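Colleague: Handing you this structure, nothing more for now.
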Amino acid sequence: MLLDAKFTIGQRFKHIRIEKGVSQAQLVDGICSIAVVSQIECDRKYPSAELWGKLADKLGVPLRELIGMQEKQMEVSFQIDMVRVYIDKADHTHALELIDELEQRADLLEHQRIELLICRAECYRTARVFEKVVELLVPFLQNQQIRQNVEDVVLCDTYNKLGNAHYWLNDFEKAYFVFNSLDPDDVHFKISNCRCWNTLGNRG
């Protein structure tokens, strides 16, 4: 479905809803209120990326079709949230496309660049391109040993992604090394015990 690029997000959303034969009441069931949908259609409210994802699912259309290219005109933080929604929906093509575009922006803050790098790694992980995960995260984590400018919970998640990538590449020595580098007594460092034990078993 192609809609005029001059359509606002609200107009596009309303057009698709009507074309699909879905009433506002049917659409909002279990998602949000009719008032919220009315505000969206009148361009008086812009929902979160997560809510856009739920609305797209309910209408049975791809997320990109629902909001069009207007996502690129929104705040960076919203666009990063959109990347995460694309990844959750296994829409790796649009996730990587948006990451590429955002990484070219000169006004990105450092923490946003880190978020995008981790999103890219997650995109490759869910697409099972584990070699790319390793290529991204090894230098990043080496750099973090010096800079230490990432929160523990994010660092833990990143180590887990790298350990899992090594595991699925059957590189059990490296997987064990990564998992073993985490502090099991720290509440942030909750790793996959099952996979860790499997790794230990494969080492033996």
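Following the order of the structure tokens, first chain is A, next is B, and so on, with residues numbered from 1 inside each chain and ligands from 1 in the order they appear.
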Give me every alpha helix (DSSP H) residue in chain A, going by DSSP on the backbone, as JSON, numbers by chain.
Modeller: {"A": [9, 10, 11, 12, 13, 14, 15, 16, 17, 18, 19, 24, 25, 26, 27, 28, 34, 35, 36, 37, 38, 39, 40, 41, 49, 50, 51, 52, 53, 54, 55, 56, 57, 58, 59, 63, 64, 65, 66, 67, 76, 77, 78, 79, 80, 81, 82, 83, 84, 85, 86, 87, 88, 92, 93, 94, 95, 96, 97, 98, 99, 100, 101, 102, 103, 110, 111, 112, 113, 114, 115, 116, 117, 118, 119, 120, 121, 122, 123, 124, 125, 126, 130, 131, 132, 133, 134, 135, 136, 137, 138, 139, 140, 141, 142, 143, 144, 145, 146, 147, 152, 153, 154, 155, 156, 157, 158, 159, 160, 161, 162, 163, 164, 165, 166, 167, 168, 172, 173, 174, 175, 176, 177, 178, 179, 180, 193, 194, 195, 196, 197, 198, 199, 200, 201, 202, 203]}
Colleague: List as a list in words the protein and nucleic acid residues near Val138 of chain A, meaning an atom at most 12 Å away when only C-alpha atoms are counted, but skip any in the same chain fewer than 3 places from it.
Modeller: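 Residues meeting the cut-off are Leu117, Ile118, Ala121, Glu131, Lys132, Val133, Val134, Glu135, Leu141, Gln142, Asn143, Gln144, Gln145, Thr158, Tyr159, Asn160, Lys161, Leu162, Gly163, Ala165, His166, Lys174, Ala175 and Val178 of chain A.
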Colleague: Neighbours of Arg17 of chain A within 12 Å (only C-alpha atoms; same-chain residues fewer than 3 positions away dropped), as number ranges by chain?
Modeller: A: 10-14, 20-28, 37-38, 40-41, 55-61, 65-66
Colleague: May I have the residues within 9 Å of Lys89 of chain A as a PDB file with all heavy atoms, in the first residue's frame, using only C-alpha atoms and disregarding those fewer than 4 positions away in the same chain?
Modeller:
```pdb
ATOM      1  N   GLY A  53       3.791  -0.435  17.573  1.00  0.00           N
ATOM      2  CA  GLY A  53       3.948  -1.843  17.208  1.00  0.00           C
ATOM      3  C   GLY A  53       2.681  -2.643  17.455  1.00  0.00           C
ATOM      4  O   GLY A  53       2.281  -3.476  16.634  1.00  0.00           O
ATOM      5  N   ARG A  84      14.277  -0.921  18.223  1.00  0.00           N
ATOM      6  CA  ARG A  84      14.029  -2.062  19.118  1.00  0.00           C
ATOM      7  C   ARG A  84      12.733  -2.787  18.754  1.00  0.00           C
ATOM      8  O   ARG A  84      12.656  -4.019  18.820  1.00  0.00           O
ATOM      9  CB  ARG A  84      13.981  -1.575  20.568  1.00  0.00           C
ATOM     10  CG  ARG A  84      15.314  -1.016  21.071  1.00  0.00           C
ATOM     11  CD  ARG A  84      15.277  -0.781  22.572  1.00  0.00           C
ATOM     12  NE  ARG A  84      16.553  -0.287  23.063  1.00  0.00           N
ATOM     13  CZ  ARG A  84      16.803   0.980  23.361  1.00  0.00           C
ATOM     14  NH1 ARG A  84      15.845   1.900  23.226  1.00  0.00           N
ATOM     15  NH2 ARG A  84      17.987   1.351  23.801  1.00  0.00           N
ATOM     16  N   VAL A  85      11.712  -2.017  18.378  1.00  0.00           N
ATOM     17  CA  VAL A  85      10.444  -2.639  17.987  1.00  0.00           C
ATOM     18  C   VAL A  85      10.632  -3.447  16.707  1.00  0.00           C
ATOM     19  O   VAL A  85      10.126  -4.569  16.585  1.00  0.00           O
ATOM     20  CB  VAL A  85       9.340  -1.575  17.804  1.00  0.00           C
ATOM     21  CG1 VAL A  85       8.073  -2.211  17.233  1.00  0.00           C
ATOM     22  CG2 VAL A  85       9.019  -0.911  19.139  1.00  0.00           C
TER      23      VAL A  85
END
```
